[in-house]
Amino acid sequence: MSHPHSNIRGSLFMVVGMASFTMNDAITKAVSSEMNFGQVMLVRGLFATLLIAAFAYHRGALRSPRTSMMMPVALRVAAEVGGTIAFLTAIVNLPLANTAAIFQALPLAVTLGAALAFREPVGWRRWLAIMAGFVGVLIIVRPGLEGFNEYSLFALGSVFFFAVRDLATRPIPAHIPSLFITLVTTVAVTAVGGIILLPLGGWTPPSGRALGLLALAAVLVLVGYQYVIMALRAGDLSAVAPFRYTALLWAMLLGYLVFGDRPDRFMLLGATFIVLSGLYAFYRERKLASLRPAATASAVPPEGV
C-alpha cells in the first residue's frame, strides 16, 4: 500500500491526465467547424505520430512493422480506428458532456466483455452495477423519446469499439512495448483519416489557428498518457482510478465555457447512474482482488482520441 501522500499525488496526476484528454476532445470539436473530422484525424495524427515516434525511439520501444500483424495487435488497432471514427462523429454533433458521460460506461462494458469473452467470474452485485450503468446510458440517449439524438448511438458505438480494443490488449505479449502499440495505432488512425477525408468533403486549407490547435491537441494526448501512467505508478490503483471520472467534470466545464452547453436533467441523471455504478463495480473488483493473494491489476492506461 502506498503512502497517503503518494495517493494524493497520484490522484492529482490522474486529474491532470483526464483534463488533458478532455481538452484534446474540446479542441477537436472546436476545429471541426473549419474542417471535417477526417482531416482532423489526419492533421492531428501527423503531429502525434512525430511526437510518439520520437518518444518511442528515445525509449528504445521501436519494433519491426511485422509485429503489428499479430492478431491481437491488429484487432486492437482496428477497434481503435472504429472507435475513433465513432467518437469523433459524436463529439462533432453532440454536447461535449453528453459524449463524455456515455463514454464513462466503458469500464462497465469492459467488465461485461471480459465475462463473456474470457469467462471471468462476475458476481450478481457487479451484474447489477453493469445493468444500472447501461440504464444511465439509456437515460442520456433517450431512444424513441423527444430529445433523442441519433448521434448518441455513435457515442455508444465508440464504447463498444473501445471495449473490444481494451479486451484485445490482454493477449498481446508483454515483450511488445506499450509505446510501440500506441505508435502503430496512431499511424493507422492517421492513415484512415486521410482515406475518409474525401468522402467527408475533401481537404480544406487549414488556418494557422487550426494547425496550432491540432498541434496542441497532439501534445495534450501525449501529456495525458504520461500523467495517467505516472498516476498509476504513484498511488494505489484503488485510490487513483476513480479519479478517471473527473473527465466528466472537465467535459461539463469546457462544454459550458467554450461551447455554451448546459447539461439537461436527463444527462445529469444518466451520468450519475453511470458514475455511481462504475465506482461500485470498481469497489467490488478491488474487494475481491484483495481476497486473492496472487491477484494483479492492469496498469494499462486508456487511449485518448
# chains A, B, ... in the order shown; residues from 1 in each chain; ligands from 1
>>> residues_around(residues="A:Phe47", least_positions_apart="6", cutoff="12 Å", atoms="only C-alpha atoms", output="VMD selection string")
chain A and resid 40 to 41 53 to 54 183 186 to 187 190 211 to 222
>>> write_last_selection(atoms="N, CA, C and O atoms", output="PDB file, in the first residue's frame")
ATOM      1  N   VAL A  40      -9.209  16.286 -39.477  1.00  0.00           N
ATOM      2  CA  VAL A  40      -8.733  16.432 -38.092  1.00  0.00           C
ATOM      3  C   VAL A  40      -7.901  15.210 -37.706  1.00  0.00           C
ATOM      4  O   VAL A  40      -6.805  15.342 -37.136  1.00  0.00           O
ATOM      5  N   MET A  41      -8.403  14.005 -38.022  1.00  0.00           N
ATOM      6  CA  MET A  41      -7.663  12.776 -37.720  1.00  0.00           C
ATOM      7  C   MET A  41      -6.307  12.774 -38.414  1.00  0.00           C
ATOM      8  O   MET A  41      -5.295  12.363 -37.825  1.00  0.00           O
ATOM      9  N   ALA A  53       6.667   8.822 -32.139  1.00  0.00           N
ATOM     10  CA  ALA A  53       7.798   8.120 -32.745  1.00  0.00           C
ATOM     11  C   ALA A  53       9.113   8.567 -32.106  1.00  0.00           C
ATOM     12  O   ALA A  53       9.991   7.747 -31.805  1.00  0.00           O
ATOM     13  N   ALA A  54       9.249   9.893 -31.885  1.00  0.00           N
ATOM     14  CA  ALA A  54      10.462  10.411 -31.248  1.00  0.00           C
ATOM     15  C   ALA A  54      10.592   9.876 -29.827  1.00  0.00           C
ATOM     16  O   ALA A  54      11.685   9.479 -29.385  1.00  0.00           O
ATOM     17  N   LEU A 183       2.162   3.818 -31.079  1.00  0.00           N
ATOM     18  CA  LEU A 183       2.656   4.372 -32.345  1.00  0.00           C
ATOM     19  C   LEU A 183       1.948   3.729 -33.532  1.00  0.00           C
ATOM     20  O   LEU A 183       1.490   4.430 -34.455  1.00  0.00           O
ATOM     21  N   THR A 186      -1.579   5.019 -33.720  1.00  0.00           N
ATOM     22  CA  THR A 186      -1.641   6.401 -34.186  1.00  0.00           C
ATOM     23  C   THR A 186      -1.433   6.489 -35.690  1.00  0.00           C
ATOM     24  O   THR A 186      -2.133   7.236 -36.387  1.00  0.00           O
ATOM     25  N   VAL A 187      -0.490   5.713 -36.213  1.00  0.00           N
ATOM     26  CA  VAL A 187      -0.251   5.695 -37.658  1.00  0.00           C
ATOM     27  C   VAL A 187      -1.498   5.194 -38.391  1.00  0.00           C
ATOM     28  O   VAL A 187      -1.899   5.764 -39.425  1.00  0.00           O
ATOM     29  N   THR A 190      -4.252   7.835 -38.298  1.00  0.00           N
ATOM     30  CA  THR A 190      -3.878   8.929 -39.199  1.00  0.00           C
ATOM     31  C   THR A 190      -4.145   8.551 -40.654  1.00  0.00           C
ATOM     32  O   THR A 190      -4.703   9.342 -41.430  1.00  0.00           O
ATOM     33  N   LEU A 211      -4.128  24.763 -37.232  1.00  0.00           N
ATOM     34  CA  LEU A 211      -2.908  23.950 -37.156  1.00  0.00           C
ATOM     35  C   LEU A 211      -2.291  24.025 -35.762  1.00  0.00           C
ATOM     36  O   LEU A 211      -1.846  23.013 -35.218  1.00  0.00           O
ATOM     37  N   GLY A 212      -2.271  25.213 -35.205  1.00  0.00           N
ATOM     38  CA  GLY A 212      -1.721  25.370 -33.853  1.00  0.00           C
ATOM     39  C   GLY A 212      -2.522  24.586 -32.826  1.00  0.00           C
ATOM     40  O   GLY A 212      -1.952  23.943 -31.938  1.00  0.00           O
ATOM     41  N   LEU A 213      -3.856  24.636 -32.949  1.00  0.00           N
ATOM     42  CA  LEU A 213      -4.705  23.907 -32.012  1.00  0.00           C
ATOM     43  C   LEU A 213      -4.530  22.399 -32.140  1.00  0.00           C
ATOM     44  O   LEU A 213      -4.491  21.682 -31.135  1.00  0.00           O
ATOM     45  N   LEU A 214      -4.410  21.912 -33.371  1.00  0.00           N
ATOM     46  CA  LEU A 214      -4.240  20.467 -33.560  1.00  0.00           C
ATOM     47  C   LEU A 214      -2.863  19.995 -33.091  1.00  0.00           C
ATOM     48  O   LEU A 214      -2.720  18.877 -32.587  1.00  0.00           O
ATOM     49  N   ALA A 215      -1.854  20.843 -33.247  1.00  0.00           N
ATOM     50  CA  ALA A 215      -0.537  20.515 -32.686  1.00  0.00           C
ATOM     51  C   ALA A 215      -0.624  20.447 -31.167  1.00  0.00           C
ATOM     52  O   ALA A 215      -0.062  19.536 -30.528  1.00  0.00           O
ATOM     53  N   LEU A 216      -1.348  21.394 -30.578  1.00  0.00           N
ATOM     54  CA  LEU A 216      -1.555  21.380 -29.131  1.00  0.00           C
ATOM     55  C   LEU A 216      -2.318  20.131 -28.711  1.00  0.00           C
ATOM     56  O   LEU A 216      -1.998  19.510 -27.678  1.00  0.00           O
ATOM     57  N   ALA A 217      -3.329  19.732 -29.504  1.00  0.00           N
ATOM     58  CA  ALA A 217      -4.102  18.532 -29.183  1.00  0.00           C
ATOM     59  C   ALA A 217      -3.208  17.299 -29.162  1.00  0.00           C
ATOM     60  O   ALA A 217      -3.344  16.433 -28.289  1.00  0.00           O
ATOM     61  N   ALA A 218      -2.282  17.202 -30.122  1.00  0.00           N
ATOM     62  CA  ALA A 218      -1.363  16.068 -30.150  1.00  0.00           C
ATOM     63  C   ALA A 218      -0.490  16.038 -28.901  1.00  0.00           C
ATOM     64  O   ALA A 218      -0.247  14.978 -28.312  1.00  0.00           O
ATOM     65  N   VAL A 219      -0.026  17.219 -28.479  1.00  0.00           N
ATOM     66  CA  VAL A 219       0.777  17.304 -27.255  1.00  0.00           C
ATOM     67  C   VAL A 219      -0.054  16.899 -26.045  1.00  0.00           C
ATOM     68  O   VAL A 219       0.415  16.172 -25.153  1.00  0.00           O
ATOM     69  N   LEU A 220      -1.309  17.344 -26.010  1.00  0.00           N
ATOM     70  CA  LEU A 220      -2.180  17.033 -24.872  1.00  0.00           C
ATOM     71  C   LEU A 220      -2.426  15.535 -24.746  1.00  0.00           C
ATOM     72  O   LEU A 220      -2.516  15.001 -23.638  1.00  0.00           O
ATOM     73  N   VAL A 221      -2.558  14.839 -25.885  1.00  0.00           N
ATOM     74  CA  VAL A 221      -2.738  13.384 -25.836  1.00  0.00           C
ATOM     75  C   VAL A 221      -1.518  12.724 -25.202  1.00  0.00           C
ATOM     76  O   VAL A 221      -1.638  11.847 -24.333  1.00  0.00           O
ATOM     77  N   LEU A 222      -0.326  13.154 -25.611  1.00  0.00           N
ATOM     78  CA  LEU A 222       0.899  12.587 -25.056  1.00  0.00           C
ATOM     79  C   LEU A 222       1.022  12.917 -23.567  1.00  0.00           C
ATOM     80  O   LEU A 222       1.395  12.060 -22.755  1.00  0.00           O
TER      81      LEU A 222
END
>>> closest_atom_pairs(of="stretch 50-122 of chain A", to="stretch 9-28 of chain A", cutoff="9 Å", atoms="only C-alpha atoms", output="CSV")
residue,atom,partner,partner_atom,distance
A:Leu88,CA,A:Thr28,CA,7.9
A:Ile91,CA,A:Asp25,CA,7.3
A:Val92,CA,A:Thr28,CA,7.9
A:Leu96,CA,A:Ala26,CA,7.2
A:Ala100,CA,A:Thr22,CA,8.5
>>> atom_distance(atom1="atom CA of A:Ile140", atom2="atom CA of A:Met267")
4.9 Å
>>> select_by_dssp(residues="stretch 35-159 of chain A", states="helix (DSSP H, G or I)", output="ChimeraX atom specification")
/A:37-58,65-69,71-93,96-103,106-117,124-141,152-159
>>> residues_around(residues="stretch 281-283 of chain A", least_positions_apart="4", cutoff="8 Å", atoms="only C-alpha atoms", output="list of chain:residue names")
A:Leu108, A:Arg125, A:Arg126, A:Ala129, A:Ile130, A:Ser238, A:Ser277, A:Lys287
>>> write_last_selection(atoms="N, CA, C and O atoms", output="compact mmCIF listing (two decimals), in the first residue's frame")
# COMPACT_ATOMS: atom_id res chain seq x y z
N LEU A 108 -17.55 -0.45 -17.51
CA LEU A 108 -18.61 -1.43 -17.34
C LEU A 108 -18.69 -2.34 -18.56
O LEU A 108 -18.90 -3.55 -18.44
N ARG A 125 -23.69 -8.68 -7.77
CA ARG A 125 -23.61 -7.25 -7.46
C ARG A 125 -23.04 -6.47 -8.63
O ARG A 125 -23.53 -5.39 -8.98
N ARG A 126 -21.99 -7.01 -9.25
CA ARG A 126 -21.42 -6.31 -10.39
C ARG A 126 -22.32 -6.39 -11.62
O ARG A 126 -22.34 -5.47 -12.43
N ALA A 129 -24.59 -3.63 -11.14
CA ALA A 129 -23.91 -2.37 -11.42
C ALA A 129 -23.83 -2.13 -12.93
O ALA A 129 -24.05 -1.00 -13.41
N ILE A 130 -23.51 -3.18 -13.68
CA ILE A 130 -23.45 -3.06 -15.15
C ILE A 130 -24.81 -2.66 -15.70
O ILE A 130 -24.93 -1.76 -16.54
N SER A 238 -6.69 1.54 -6.27
CA SER A 238 -7.99 1.78 -5.66
C SER A 238 -8.20 3.24 -5.29
O SER A 238 -9.33 3.72 -5.25
N SER A 277 -22.49 3.53 -10.61
CA SER A 277 -22.40 2.09 -10.89
C SER A 277 -20.97 1.69 -11.22
O SER A 277 -20.50 0.62 -10.82
N LYS A 287 -12.25 -5.24 -3.91
CA LYS A 287 -12.50 -6.02 -2.70
C LYS A 287 -12.25 -7.50 -2.95
O LYS A 287 -11.63 -8.20 -2.13
>>> closest_residue(among="A:Thr182, A:Asn7, A:Thr169, A:Asn98", to="A:Arg142", atoms="only C-alpha atoms")
A:Asn98
>>> atom_distance(atom1="atom CA of A:Thr49", atom2="atom CA of A:Ala210")
17.8 Å
>>> closest_residue(among="A:Leu50, A:Leu279, A:Ala155, A:Ile85", to="A:Val240", atoms="only C-alpha atoms")
A:Leu279
>>> closest_residue(among="A:Val228, A:Ala174, A:Ile102, A:Leu257", to="A:Ile274", atoms="only C-alpha atoms")
A:Ile102
>>> closest_residue(among="A:Val192, A:Leu249, A:Leu112, A:Ala86", to="A:Phe134", atoms="only C-alpha atoms")
A:Leu112
>>> residues_around(residues="A:Phe273", least_positions_apart="5", cutoff="10 Å", atoms="only C-alpha atoms", output="NGL selection string")
:A and (101 or 105 or 129 or 131-137 or 139 or 267-268 or 278)
>>> write_last_selection(atoms="C-alpha atoms", output="PDB file, in the first residue's frame")
ATOM      1  CA  ALA A 101     -20.961  10.824 -19.940  1.00  0.00           C
ATOM      2  CA  ALA A 105     -19.694   3.395 -19.408  1.00  0.00           C
ATOM      3  CA  ALA A 129     -23.913  -2.372 -11.416  1.00  0.00           C
ATOM      4  CA  MET A 131     -27.219  -3.012 -15.669  1.00  0.00           C
ATOM      5  CA  ALA A 132     -27.564   0.244 -13.709  1.00  0.00           C
ATOM      6  CA  GLY A 133     -24.774   1.822 -15.758  1.00  0.00           C
ATOM      7  CA  PHE A 134     -26.459   0.974 -19.032  1.00  0.00           C
ATOM      8  CA  VAL A 135     -29.762   2.269 -17.671  1.00  0.00           C
ATOM      9  CA  GLY A 136     -27.858   5.536 -17.211  1.00  0.00           C
ATOM     10  CA  VAL A 137     -26.765   5.381 -20.853  1.00  0.00           C
ATOM     11  CA  ILE A 139     -31.450   7.867 -19.881  1.00  0.00           C
ATOM     12  CA  MET A 267     -27.834  13.967 -18.946  1.00  0.00           C
ATOM     13  CA  LEU A 268     -27.099  14.696 -15.277  1.00  0.00           C
ATOM     14  CA  GLY A 278     -18.845   2.291 -12.258  1.00  0.00           C
TER      15      GLY A 278
END
>>> closest_residue(among="A:Arg59, A:Lys29, A:Arg170, A:Arg119", to="A:Arg76", atoms="only C-alpha atoms")
A:Arg170
